[in-house]
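For reference, upload_18.pdb is printed below; it contains PDB, C-alpha atoms, pLDDT in the B column.
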```pdb
ATOM      1  CA  MET A   1     -19.478  16.729 -41.630  1.00 51.00           C
ATOM      2  CA  ASP A   2     -17.512  15.999 -38.473  1.00 58.00           C
ATOM      3  CA  SER A   3     -14.969  13.241 -39.166  1.00 55.00           C
ATOM      4  CA  HIS A   4     -16.083  11.507 -35.995  1.00 59.00           C
ATOM      5  CA  GLU A   5     -19.755  11.390 -36.965  1.00 66.00           C
ATOM      6  CA  ILE A   6     -20.992   7.852 -37.563  1.00 65.00           C
ATOM      7  CA  LEU A   7     -23.434   7.213 -40.377  1.00 66.00           C
ATOM      8  CA  THR A   8     -26.015   4.538 -39.631  1.00 69.00           C
ATOM      9  CA  THR A   9     -28.552   2.755 -41.786  1.00 70.00           C
ATOM     10  CA  ALA A  10     -31.666   1.274 -40.253  1.00 69.00           C
ATOM     11  CA  VAL A  11     -32.271  -2.390 -41.042  1.00 70.00           C
ATOM     12  CA  ALA A  12     -35.667  -3.726 -39.999  1.00 75.00           C
ATOM     13  CA  ALA A  13     -34.671  -7.368 -39.603  1.00 86.00           C
ATOM     14  CA  VAL A  14     -32.271  -9.946 -40.973  1.00 89.00           C
ATOM     15  CA  ALA A  15     -33.219 -13.618 -41.121  1.00 89.00           C
ATOM     16  CA  THR A  16     -30.624 -16.069 -39.808  1.00 90.00           C
ATOM     17  CA  THR A  17     -30.263 -19.606 -38.507  1.00 90.00           C
ATOM     18  CA  THR A  18     -29.693 -20.319 -34.834  1.00 92.00           C
ATOM     19  CA  HIS A  19     -29.742 -23.430 -32.678  1.00 95.00           C
ATOM     20  CA  GLY A  20     -31.895 -24.051 -29.637  1.00 96.00           C
ATOM     21  CA  ARG A  21     -31.492 -26.478 -26.744  1.00 96.00           C
ATOM     22  CA  VAL A  22     -34.093 -29.125 -25.966  1.00 97.00           C
ATOM     23  CA  LEU A  23     -34.124 -31.735 -23.183  1.00 98.00           C
ATOM     24  CA  THR A  24     -36.228 -34.879 -23.592  1.00 97.00           C
ATOM     25  CA  ARG A  25     -37.068 -37.711 -21.217  1.00 97.00           C
ATOM     26  CA  HIS A  26     -39.012 -40.471 -22.944  1.00 95.00           C
ATOM     27  CA  ALA A  27     -41.570 -42.558 -21.100  1.00 95.00           C
ATOM     28  CA  ARG A  28     -41.283 -46.339 -21.288  1.00 87.00           C
ATOM     29  CA  SER A  29     -44.984 -46.765 -21.982  1.00 88.00           C
ATOM     30  CA  GLU A  30     -46.408 -46.813 -25.496  1.00 89.00           C
ATOM     31  CA  SER A  31     -48.216 -43.709 -26.784  1.00 90.00           C
ATOM     32  CA  PRO A  32     -47.625 -41.610 -23.650  1.00 94.00           C
ATOM     33  CA  THR A  33     -48.881 -38.123 -23.005  1.00 95.00           C
ATOM     34  CA  VAL A  34     -46.235 -35.535 -23.917  1.00 97.00           C
ATOM     35  CA  ILE A  35     -45.667 -32.580 -21.597  1.00 98.00           C
ATOM     36  CA  VAL A  36     -43.856 -29.697 -23.299  1.00 98.00           C
ATOM     37  CA  GLY A  37     -42.313 -27.286 -20.805  1.00 98.00           C
ATOM     38  CA  PHE A  38     -41.355 -23.611 -21.171  1.00 98.00           C
ATOM     39  CA  HIS A  39     -39.193 -21.987 -18.494  1.00 98.00           C
ATOM     40  CA  GLY A  40     -39.397 -18.437 -17.195  1.00 98.00           C
ATOM     41  CA  TYR A  41     -37.077 -15.461 -17.715  1.00 97.00           C
ATOM     42  CA  TYR A  42     -33.551 -15.923 -16.308  1.00 96.00           C
ATOM     43  CA  GLU A  43     -34.013 -19.706 -16.281  1.00 98.00           C
ATOM     44  CA  ASN A  44     -33.106 -22.647 -18.524  1.00 98.00           C
ATOM     45  CA  ALA A  45     -34.413 -25.982 -19.789  1.00 98.00           C
ATOM     46  CA  GLU A  46     -32.965 -27.920 -16.850  1.00 98.00           C
ATOM     47  CA  ILE A  47     -35.037 -25.905 -14.396  1.00 98.00           C
ATOM     48  CA  GLN A  48     -38.258 -26.557 -16.279  1.00 98.00           C
ATOM     49  CA  MET A  49     -37.436 -30.242 -16.749  1.00 98.00           C
ATOM     50  CA  THR A  50     -37.005 -30.556 -12.967  1.00 98.00           C
ATOM     51  CA  ARG A  51     -40.449 -29.001 -12.492  1.00 98.00           C
ATOM     52  CA  LEU A  52     -42.072 -31.341 -14.996  1.00 98.00           C
ATOM     53  CA  ALA A  53     -40.400 -34.390 -13.463  1.00 98.00           C
ATOM     54  CA  ALA A  54     -41.721 -33.403 -10.008  1.00 98.00           C
ATOM     55  CA  ILE A  55     -45.373 -33.553 -11.111  1.00 98.00           C
ATOM     56  CA  PRO A  56     -46.963 -36.679  -9.577  1.00 97.00           C
ATOM     57  CA  GLY A  57     -47.298 -39.328 -12.286  1.00 95.00           C
ATOM     58  CA  ALA A  58     -44.570 -37.837 -14.495  1.00 95.00           C
ATOM     59  CA  ASP A  59     -42.872 -41.201 -15.024  1.00 94.00           C
ATOM     60  CA  ALA A  60     -45.737 -42.168 -17.327  1.00 94.00           C
ATOM     61  CA  TRP A  61     -45.212 -39.162 -19.629  1.00 96.00           C
ATOM     62  CA  THR A  62     -42.646 -38.088 -22.167  1.00 97.00           C
ATOM     63  CA  LEU A  63     -41.193 -34.791 -20.980  1.00 98.00           C
ATOM     64  CA  VAL A  64     -39.791 -32.162 -23.346  1.00 98.00           C
ATOM     65  CA  ALA A  65     -38.212 -28.976 -21.941  1.00 98.00           C
ATOM     66  CA  ILE A  66     -37.465 -26.320 -24.550  1.00 98.00           C
ATOM     67  CA  GLN A  67     -34.997 -23.544 -23.818  1.00 98.00           C
ATOM     68  CA  GLY A  68     -35.431 -19.997 -25.065  1.00 98.00           C
ATOM     69  CA  LEU A  69     -33.240 -18.973 -27.984  1.00 97.00           C
ATOM     70  CA  HIS A  70     -31.809 -15.872 -26.322  1.00 96.00           C
ATOM     71  CA  ARG A  71     -29.078 -17.094 -23.972  1.00 95.00           C
ATOM     72  CA  PHE A  72     -26.978 -15.089 -21.533  1.00 93.00           C
ATOM     73  CA  TYR A  73     -25.037 -15.599 -18.305  1.00 94.00           C
ATOM     74  CA  ARG A  74     -26.630 -15.395 -14.907  1.00 91.00           C
ATOM     75  CA  ALA A  75     -25.134 -12.386 -13.118  1.00 86.00           C
ATOM     76  CA  ARG A  76     -21.768 -13.077 -11.455  1.00 83.00           C
ATOM     77  CA  THR A  77     -21.848 -16.785 -12.398  1.00 87.00           C
ATOM     78  CA  ASN A  78     -21.108 -19.005 -15.385  1.00 88.00           C
ATOM     79  CA  ASP A  79     -24.651 -20.404 -15.408  1.00 93.00           C
ATOM     80  CA  VAL A  80     -26.307 -20.079 -18.803  1.00 96.00           C
ATOM     81  CA  VAL A  81     -29.909 -18.910 -18.699  1.00 97.00           C
ATOM     82  CA  ALA A  82     -32.285 -17.668 -21.358  1.00 97.00           C
ATOM     83  CA  SER A  83     -35.186 -15.448 -22.317  1.00 97.00           C
ATOM     84  CA  TRP A  84     -37.934 -16.023 -24.851  1.00 97.00           C
ATOM     85  CA  MET A  85     -38.205 -12.540 -26.304  1.00 95.00           C
ATOM     86  CA  THR A  86     -38.364  -8.802 -25.729  1.00 94.00           C
ATOM     87  CA  ARG A  87     -40.668  -6.151 -27.152  1.00 93.00           C
ATOM     88  CA  GLN A  88     -38.172  -5.464 -29.975  1.00 92.00           C
ATOM     89  CA  ASP A  89     -39.304  -7.030 -33.284  1.00 92.00           C
ATOM     90  CA  ARG A  90     -42.049  -8.677 -31.273  1.00 93.00           C
ATOM     91  CA  GLU A  91     -44.079 -10.225 -34.092  1.00 94.00           C
ATOM     92  CA  LEU A  92     -40.978 -11.658 -35.750  1.00 95.00           C
ATOM     93  CA  ALA A  93     -39.810 -13.116 -32.443  1.00 95.00           C
ATOM     94  CA  ILE A  94     -43.200 -14.752 -31.847  1.00 96.00           C
ATOM     95  CA  ALA A  95     -43.151 -16.344 -35.301  1.00 96.00           C
ATOM     96  CA  ASP A  96     -39.545 -17.504 -34.812  1.00 97.00           C
ATOM     97  CA  ASN A  97     -40.363 -19.044 -31.434  1.00 97.00           C
ATOM     98  CA  ILE A  98     -43.402 -20.934 -32.720  1.00 97.00           C
ATOM     99  CA  ALA A  99     -41.401 -22.307 -35.656  1.00 97.00           C
ATOM    100  CA  TYR A 100     -38.636 -23.275 -33.214  1.00 97.00           C
ATOM    101  CA  VAL A 101     -41.044 -25.176 -30.961  1.00 98.00           C
ATOM    102  CA  ASP A 102     -42.510 -27.003 -33.967  1.00 97.00           C
ATOM    103  CA  ALA A 103     -39.007 -28.050 -35.046  1.00 97.00           C
ATOM    104  CA  ALA A 104     -38.043 -29.021 -31.487  1.00 97.00           C
ATOM    105  CA  LEU A 105     -41.051 -31.319 -31.150  1.00 97.00           C
ATOM    106  CA  ARG A 106     -40.412 -32.926 -34.521  1.00 95.00           C
ATOM    107  CA  ALA A 107     -36.857 -33.675 -33.424  1.00 95.00           C
ATOM    108  CA  ALA A 108     -37.771 -34.847 -29.916  1.00 95.00           C
ATOM    109  CA  LEU A 109     -40.675 -37.083 -30.961  1.00 94.00           C
ATOM    110  CA  SER A 110     -39.390 -38.360 -34.309  1.00 91.00           C
ATOM    111  CA  GLY A 111     -40.050 -42.084 -34.626  1.00 85.00           C
ATOM    112  CA  LYS A 112     -41.829 -42.235 -31.260  1.00 89.00           C
ATOM    113  CA  SER A 113     -45.517 -42.922 -30.741  1.00 90.00           C
ATOM    114  CA  TYR A 114     -47.324 -40.557 -28.427  1.00 93.00           C
ATOM    115  CA  GLY A 115     -50.827 -39.555 -27.409  1.00 92.00           C
ATOM    116  CA  SER A 116     -51.919 -36.125 -26.223  1.00 93.00           C
ATOM    117  CA  ILE A 117     -49.607 -33.109 -26.038  1.00 97.00           C
ATOM    118  CA  VAL A 118     -49.935 -30.654 -23.145  1.00 98.00           C
ATOM    119  CA  CYS A 119     -47.984 -27.377 -22.943  1.00 98.00           C
ATOM    120  CA  ALA A 120     -46.799 -26.222 -19.508  1.00 98.00           C
ATOM    121  CA  GLY A 121     -45.250 -22.817 -18.865  1.00 98.00           C
ATOM    122  CA  PHE A 122     -44.008 -20.820 -15.911  1.00 98.00           C
ATOM    123  CA  SER A 123     -43.789 -17.000 -15.784  1.00 98.00           C
ATOM    124  CA  GLN A 124     -42.494 -15.749 -19.160  1.00 98.00           C
ATOM    125  CA  GLY A 125     -42.871 -19.313 -20.443  1.00 98.00           C
ATOM    126  CA  VAL A 126     -46.641 -19.108 -19.997  1.00 98.00           C
ATOM    127  CA  ALA A 127     -46.966 -16.960 -23.110  1.00 98.00           C
ATOM    128  CA  MET A 128     -44.962 -19.523 -25.072  1.00 98.00           C
ATOM    129  CA  ALA A 129     -47.122 -22.360 -23.754  1.00 98.00           C
ATOM    130  CA  PHE A 130     -50.223 -20.557 -25.025  1.00 98.00           C
ATOM    131  CA  ARG A 131     -48.692 -19.614 -28.375  1.00 98.00           C
ATOM    132  CA  ALA A 132     -47.346 -23.098 -29.001  1.00 97.00           C
ATOM    133  CA  GLY A 133     -50.592 -24.618 -27.775  1.00 97.00           C
ATOM    134  CA  VAL A 134     -52.926 -22.721 -30.082  1.00 96.00           C
ATOM    135  CA  ARG A 135     -50.682 -21.647 -32.975  1.00 96.00           C
ATOM    136  CA  GLY A 136     -48.170 -24.493 -33.139  1.00 96.00           C
ATOM    137  CA  ALA A 137     -48.285 -27.389 -35.582  1.00 94.00           C
ATOM    138  CA  ALA A 138     -48.984 -30.010 -32.925  1.00 87.00           C
ATOM    139  CA  ARG A 139     -52.517 -30.377 -31.614  1.00 82.00           C
ATOM    140  CA  CYS A 140     -52.477 -29.356 -27.952  1.00 94.00           C
ATOM    141  CA  ALA A 141     -54.912 -31.051 -25.574  1.00 96.00           C
ATOM    142  CA  GLY A 142     -54.344 -28.652 -22.695  1.00 97.00           C
ATOM    143  CA  ILE A 143     -52.294 -25.746 -21.341  1.00 98.00           C
ATOM    144  CA  ILE A 144     -50.835 -25.437 -17.839  1.00 98.00           C
ATOM    145  CA  ALA A 145     -50.074 -21.779 -17.074  1.00 98.00           C
ATOM    146  CA  ALA A 146     -48.383 -20.922 -13.778  1.00 98.00           C
ATOM    147  CA  GLY A 147     -47.488 -17.369 -12.820  1.00 98.00           C
ATOM    148  CA  GLY A 148     -48.060 -15.679 -16.172  1.00 98.00           C
ATOM    149  CA  ASP A 149     -50.836 -14.082 -18.210  1.00 98.00           C
ATOM    150  CA  VAL A 150     -52.475 -15.080 -21.486  1.00 98.00           C
ATOM    151  CA  PRO A 151     -50.863 -13.335 -24.501  1.00 97.00           C
ATOM    152  CA  PRO A 152     -53.074 -10.370 -25.434  1.00 94.00           C
ATOM    153  CA  GLU A 153     -52.920 -11.042 -29.178  1.00 95.00           C
ATOM    154  CA  LEU A 154     -54.530 -14.451 -28.633  1.00 96.00           C
ATOM    155  CA  LEU A 155     -57.328 -12.995 -26.518  1.00 94.00           C
ATOM    156  CA  ALA A 156     -57.938 -10.324 -29.150  1.00 92.00           C
ATOM    157  CA  ASN A 157     -58.205 -12.846 -32.002  1.00 94.00           C
ATOM    158  CA  PRO A 158     -61.782 -14.200 -32.239  1.00 92.00           C
ATOM    159  CA  ASN A 159     -60.594 -17.117 -34.384  1.00 94.00           C
ATOM    160  CA  VAL A 160     -58.360 -18.594 -31.687  1.00 95.00           C
ATOM    161  CA  VAL A 161     -59.830 -21.712 -30.088  1.00 95.00           C
ATOM    162  CA  PHE A 162     -58.361 -22.498 -26.676  1.00 97.00           C
ATOM    163  CA  PRO A 163     -57.955 -26.046 -25.355  1.00 97.00           C
ATOM    164  CA  PRO A 164     -58.638 -26.707 -21.651  1.00 97.00           C
ATOM    165  CA  VAL A 165     -56.525 -24.356 -19.511  1.00 98.00           C
ATOM    166  CA  LEU A 166     -55.196 -24.650 -15.969  1.00 98.00           C
ATOM    167  CA  LEU A 167     -54.474 -21.083 -14.841  1.00 98.00           C
ATOM    168  CA  ILE A 168     -52.473 -20.840 -11.605  1.00 98.00           C
ATOM    169  CA  ARG A 169     -51.577 -17.807  -9.537  1.00 98.00           C
ATOM    170  CA  GLY A 170     -49.616 -17.548  -6.301  1.00 98.00           C
ATOM    171  CA  ALA A 171     -51.567 -15.596  -3.698  1.00 98.00           C
ATOM    172  CA  GLN A 172     -48.478 -13.455  -2.987  1.00 98.00           C
ATOM    173  CA  ASP A 173     -47.355 -13.126  -6.625  1.00 98.00           C
ATOM    174  CA  ASP A 174     -46.773  -9.460  -7.465  1.00 97.00           C
ATOM    175  CA  TYR A 175     -45.755 -10.313 -11.036  1.00 97.00           C
ATOM    176  CA  TYR A 176     -49.178 -11.765 -11.831  1.00 98.00           C
ATOM    177  CA  PRO A 177     -51.649  -9.664  -9.816  1.00 98.00           C
ATOM    178  CA  GLN A 178     -55.122 -10.851  -8.891  1.00 98.00           C
ATOM    179  CA  LYS A 179     -56.807  -8.314 -11.172  1.00 98.00           C
ATOM    180  CA  MET A 180     -54.923  -9.613 -14.216  1.00 98.00           C
ATOM    181  CA  PHE A 181     -55.607 -13.212 -13.206  1.00 98.00           C
ATOM    182  CA  ASP A 182     -59.334 -12.534 -12.803  1.00 98.00           C
ATOM    183  CA  GLY A 183     -59.410 -10.741 -16.150  1.00 97.00           C
ATOM    184  CA  ASN A 184     -57.751 -13.687 -17.896  1.00 98.00           C
ATOM    185  CA  VAL A 185     -60.228 -16.125 -16.375  1.00 98.00           C
ATOM    186  CA  ALA A 186     -63.185 -13.962 -17.401  1.00 97.00           C
ATOM    187  CA  VAL A 187     -62.031 -13.500 -20.995  1.00 96.00           C
ATOM    188  CA  LEU A 188     -61.196 -17.181 -21.440  1.00 97.00           C
ATOM    189  CA  ARG A 189     -64.660 -18.116 -20.199  1.00 97.00           C
ATOM    190  CA  GLU A 190     -66.222 -15.572 -22.538  1.00 95.00           C
ATOM    191  CA  ARG A 191     -64.359 -17.397 -25.306  1.00 94.00           C
ATOM    192  CA  ASN A 192     -65.957 -20.684 -24.133  1.00 94.00           C
ATOM    193  CA  ALA A 193     -62.631 -22.078 -22.945  1.00 96.00           C
ATOM    194  CA  ASP A 194     -62.659 -24.821 -20.301  1.00 97.00           C
ATOM    195  CA  VAL A 195     -60.554 -22.930 -17.760  1.00 98.00           C
ATOM    196  CA  THR A 196     -59.649 -24.120 -14.267  1.00 98.00           C
ATOM    197  CA  PRO A 197     -58.454 -21.224 -12.058  1.00 98.00           C
ATOM    198  CA  VAL A 198     -56.313 -22.150  -9.059  1.00 98.00           C
ATOM    199  CA  ILE A 199     -54.802 -19.936  -6.348  1.00 98.00           C
ATOM    200  CA  VAL A 200     -51.892 -21.463  -4.423  1.00 98.00           C
ATOM    201  CA  ASN A 201     -50.193 -20.275  -1.252  1.00 98.00           C
ATOM    202  CA  ALA A 202     -47.016 -19.001  -2.868  1.00 98.00           C
ATOM    203  CA  ALA A 203     -45.304 -16.007  -4.406  1.00 98.00           C
ATOM    204  CA  HIS A 204     -43.852 -16.133  -7.932  1.00 98.00           C
ATOM    205  CA  ASP A 205     -42.790 -19.774  -7.841  1.00 98.00           C
ATOM    206  CA  TRP A 206     -43.597 -23.292  -9.025  1.00 98.00           C
ATOM    207  CA  THR A 207     -44.365 -25.107  -5.778  1.00 98.00           C
ATOM    208  CA  THR A 208     -45.600 -28.546  -4.758  1.00 98.00           C
ATOM    209  CA  GLU A 209     -49.139 -27.143  -4.862  1.00 98.00           C
ATOM    210  CA  VAL A 210     -48.615 -26.180  -8.488  1.00 98.00           C
ATOM    211  CA  SER A 211     -47.324 -29.673  -9.300  1.00 98.00           C
ATOM    212  CA  ASP A 212     -50.323 -31.273  -7.571  1.00 98.00           C
ATOM    213  CA  ALA A 213     -52.768 -29.043  -9.467  1.00 98.00           C
ATOM    214  CA  ALA A 214     -50.969 -29.894 -12.706  1.00 98.00           C
ATOM    215  CA  ALA A 215     -51.246 -33.620 -11.996  1.00 98.00           C
ATOM    216  CA  GLN A 216     -54.979 -33.366 -11.391  1.00 97.00           C
ATOM    217  CA  PHE A 217     -55.441 -31.329 -14.574  1.00 98.00           C
ATOM    218  CA  LEU A 218     -53.411 -33.825 -16.604  1.00 97.00           C
ATOM    219  CA  ARG A 219     -55.582 -36.695 -15.392  1.00 93.00           C
ATOM    220  CA  HIS A 220     -58.647 -34.745 -16.489  1.00 91.00           C
ATOM    221  CA  VAL A 221     -57.193 -33.861 -19.902  1.00 92.00           C
ATOM    222  CA  THR A 222     -55.893 -37.323 -20.716  1.00 86.00           C
ATOM    223  CA  ALA A 223     -59.160 -38.976 -19.624  1.00 82.00           C
ATOM    224  CA  ALA A 224     -61.078 -36.688 -21.997  1.00 76.00           C
ATOM    225  CA  ALA A 225     -58.702 -37.268 -24.931  1.00 68.00           C
TER
END
```
What does this structure look like when you write it as structure tokens?
Amino acid sequence: MDSHEILTTAVAAVATTTHGRVLTRHARSESPTVIVGFHGYYENAEIQMTRLAAIPGADAWTLVAIQGLHRFYRARTNDVVASWMTRQDRELAIADNIAYVDAALRAALSGKSYGSIVCAGFSQGVAMAFRAGVRGAARCAGIIAAGGDVPPELLANPNVVFPPVLLIRGAQDDYYPQKMFDGNVAVLRERNADVTPVIVNAAHDWTTEVSDAAAQFLRHVTAAA
């Protein structure tokens, strides 16, 4: 054997403990609606918190922005951003992320009274909003999904029950094409989900139109709770 040859042993996965970052802004009202936000790829919790806070009526809600566990630096800057997962060890990453969100909500809401919980995601965070909303420990009253598709494993599982869904696509969004958007709407309706599809005049972005649509959806969800 060549002395420079490196012997490797494949290890499927190793469990470990890591720490996530969660931002919380509590409402002053008693038993407020809780909006749980999930940012997109190459973003962080501050960005998603800013989006949540810009939704009309946000002062009445408790806002929780959860940052992805996989942090890295934005190119050529010292800004810390994050990602939720990659395709590597996908099922383990999904389970880790759901457990993380459950723990984050327990920490953020401990000792506080609250009413309905709504999950709101943008881009890559949309998948997390759906997974947390239907597989997480907290009962989710609605899901706001902007610029991202429904996770395929949830659509393929006949036992998954979806809460009301606001599905938003930018008309110029190449990352979430119209065909995929239409397919998501169709499958959700086949699953008897109360889905509200909205097309906004934007590319891949969370705009004022998205915030306005989210506000209207939140009024509908909280009135029905």
The PyMOL selection byres ((chain A and resi 115) around 8) applied to the shown file, residues as a PyMOL selection string: chain A and resi 31-34+113-114+116-117
Separation of CA of Asp102 in chain A from CA of Cys119 in chain A, in Å and rounded to one decimal: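 Going from CA of Asp102 in chain A over to CA of Cys119 in chain A covers 12.3 Å.
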Answer key for the PyMOL selection byres ((chain A and resi 68) around 9), residues as a ChimeraX atom specification: /A:20-21,38-41,43-45,66-67,69-71,81-85,97,125
Next, dump the selected residues to file, keeping only C-alpha atoms, as a PDB file, keeping the file's coordinate frame.
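Dumped to out.pdb:
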```pdb
ATOM      1  CA  GLY A  20     -31.895 -24.051 -29.637  1.00 96.00           C
ATOM      2  CA  ARG A  21     -31.492 -26.478 -26.744  1.00 96.00           C
ATOM      3  CA  PHE A  38     -41.355 -23.611 -21.171  1.00 98.00           C
ATOM      4  CA  HIS A  39     -39.193 -21.987 -18.494  1.00 98.00           C
ATOM      5  CA  GLY A  40     -39.397 -18.437 -17.195  1.00 98.00           C
ATOM      6  CA  TYR A  41     -37.077 -15.461 -17.715  1.00 97.00           C
ATOM      7  CA  GLU A  43     -34.013 -19.706 -16.281  1.00 98.00           C
ATOM      8  CA  ASN A  44     -33.106 -22.647 -18.524  1.00 98.00           C
ATOM      9  CA  ALA A  45     -34.413 -25.982 -19.789  1.00 98.00           C
ATOM     10  CA  ILE A  66     -37.465 -26.320 -24.550  1.00 98.00           C
ATOM     11  CA  GLN A  67     -34.997 -23.544 -23.818  1.00 98.00           C
ATOM     12  CA  LEU A  69     -33.240 -18.973 -27.984  1.00 97.00           C
ATOM     13  CA  HIS A  70     -31.809 -15.872 -26.322  1.00 96.00           C
ATOM     14  CA  ARG A  71     -29.078 -17.094 -23.972  1.00 95.00           C
ATOM     15  CA  VAL A  81     -29.909 -18.910 -18.699  1.00 97.00           C
ATOM     16  CA  ALA A  82     -32.285 -17.668 -21.358  1.00 97.00           C
ATOM     17  CA  SER A  83     -35.186 -15.448 -22.317  1.00 97.00           C
ATOM     18  CA  TRP A  84     -37.934 -16.023 -24.851  1.00 97.00           C
ATOM     19  CA  MET A  85     -38.205 -12.540 -26.304  1.00 95.00           C
ATOM     20  CA  ASN A  97     -40.363 -19.044 -31.434  1.00 97.00           C
ATOM     21  CA  GLY A 125     -42.871 -19.313 -20.443  1.00 98.00           C
TER      22      GLY A 125
END
```
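Put simply, CA of Leu154 in chain A is 7.8 Å away from CA of Arg131 in chain A.
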Residue contacts of Met180 in chain A (12 Å, all atoms listed in the file) excluding same-chain residues fewer than 5 positions away, as a PyMOL selection string: chain A and resi 147-152+167-169+173-175+185-187
So that I have them on file, write out the residues from the current selection with C-alpha atoms, as an mmCIF file, keeping the file's coordinate frame.
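Final file, selection-v4.cif:
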```cif
data_model
loop_
_atom_site.group_PDB
_atom_site.id
_atom_site.type_symbol
_atom_site.label_atom_id
_atom_site.label_comp_id
_atom_site.auth_asym_id
_atom_site.auth_seq_id
_atom_site.Cartn_x
_atom_site.Cartn_y
_atom_site.Cartn_z
ATOM 1 C CA GLY A 147 -47.488 -17.369 -12.820
ATOM 2 C CA GLY A 148 -48.060 -15.679 -16.172
ATOM 3 C CA ASP A 149 -50.836 -14.082 -18.210
ATOM 4 C CA VAL A 150 -52.475 -15.080 -21.486
ATOM 5 C CA PRO A 151 -50.863 -13.335 -24.501
ATOM 6 C CA PRO A 152 -53.074 -10.370 -25.434
ATOM 7 C CA LEU A 167 -54.474 -21.083 -14.841
ATOM 8 C CA ILE A 168 -52.473 -20.840 -11.605
ATOM 9 C CA ARG A 169 -51.577 -17.807 -9.537
ATOM 10 C CA ASP A 173 -47.355 -13.126 -6.625
ATOM 11 C CA ASP A 174 -46.773 -9.460 -7.465
ATOM 12 C CA TYR A 175 -45.755 -10.313 -11.036
ATOM 13 C CA VAL A 185 -60.228 -16.125 -16.375
ATOM 14 C CA ALA A 186 -63.185 -13.962 -17.401
ATOM 15 C CA VAL A 187 -62.031 -13.500 -20.995
#
```
Residues matched by the PyMOL selection byres ((chain A and resi 88-91) around 12) as a PDB file with C-alpha atoms, keeping the file's coordinate frame:
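Result went into result_37.pdb, see below:
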```
ATOM      1  CA  VAL A  11     -32.271  -2.390 -41.042  1.00 70.00           C
ATOM      2  CA  ALA A  12     -35.667  -3.726 -39.999  1.00 75.00           C
ATOM      3  CA  ALA A  13     -34.671  -7.368 -39.603  1.00 86.00           C
ATOM      4  CA  VAL A  14     -32.271  -9.946 -40.973  1.00 89.00           C
ATOM      5  CA  ALA A  15     -33.219 -13.618 -41.121  1.00 89.00           C
ATOM      6  CA  TRP A  84     -37.934 -16.023 -24.851  1.00 97.00           C
ATOM      7  CA  MET A  85     -38.205 -12.540 -26.304  1.00 95.00           C
ATOM      8  CA  THR A  86     -38.364  -8.802 -25.729  1.00 94.00           C
ATOM      9  CA  ARG A  87     -40.668  -6.151 -27.152  1.00 93.00           C
ATOM     10  CA  LEU A  92     -40.978 -11.658 -35.750  1.00 95.00           C
ATOM     11  CA  ALA A  93     -39.810 -13.116 -32.443  1.00 95.00           C
ATOM     12  CA  ILE A  94     -43.200 -14.752 -31.847  1.00 96.00           C
ATOM     13  CA  ALA A  95     -43.151 -16.344 -35.301  1.00 96.00           C
ATOM     14  CA  ASP A  96     -39.545 -17.504 -34.812  1.00 97.00           C
ATOM     15  CA  ASN A  97     -40.363 -19.044 -31.434  1.00 97.00           C
ATOM     16  CA  ILE A  98     -43.402 -20.934 -32.720  1.00 97.00           C
ATOM     17  CA  ARG A 131     -48.692 -19.614 -28.375  1.00 98.00           C
ATOM     18  CA  GLU A 153     -52.920 -11.042 -29.178  1.00 95.00           C
TER      19      GLU A 153
END
```
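Minimum atom-to-atom distance to Val195 in chain A, evaluated using all atoms listed in the file, belongs to A:Leu166 out of A:Leu166, A:Ala213, A:Ala60, A:Ile144.
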Point-to-point distance from CA of Lys112 in chain A to CA of Trp61 in chain A, Å rounded to tenths: 12.5 Å
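The residue that comes closest to Asp79 in chain A, out of A:Ile47, A:Ala54, A:Ala107, A:Ala137 and on the basis of all atoms listed in the file, is A:Ile47.
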Using all atoms listed in the file: which of A:Glu30, A:Asp194, A:Glu209, A:Asp182 has the shortest distance to Pro56 in chain A: A:Glu209
Given all atoms listed in the file as the counted atoms, nearest of A:Thr24, A:Ser29, A:Thr17, A:Gln178 to Tyr100 in chain A: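 Answer, going by the shortest atom-to-atom distance: A:Thr17.
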Nearby residues (all atoms listed in the file) at most 12 Å from Asn192 in chain A, same-chain spacing under 5 positions excluded, as a PyMOL selection string: chain A and resi 155+158+160-165+185-187
Best match for closeness to Pro177 in chain A among A:Ala203, A:Ala120, A:Asp212, A:Ile35, counting all atoms listed in the file: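 The shortest atom-to-atom distance to Pro177 in chain A comes from A:Ala203.
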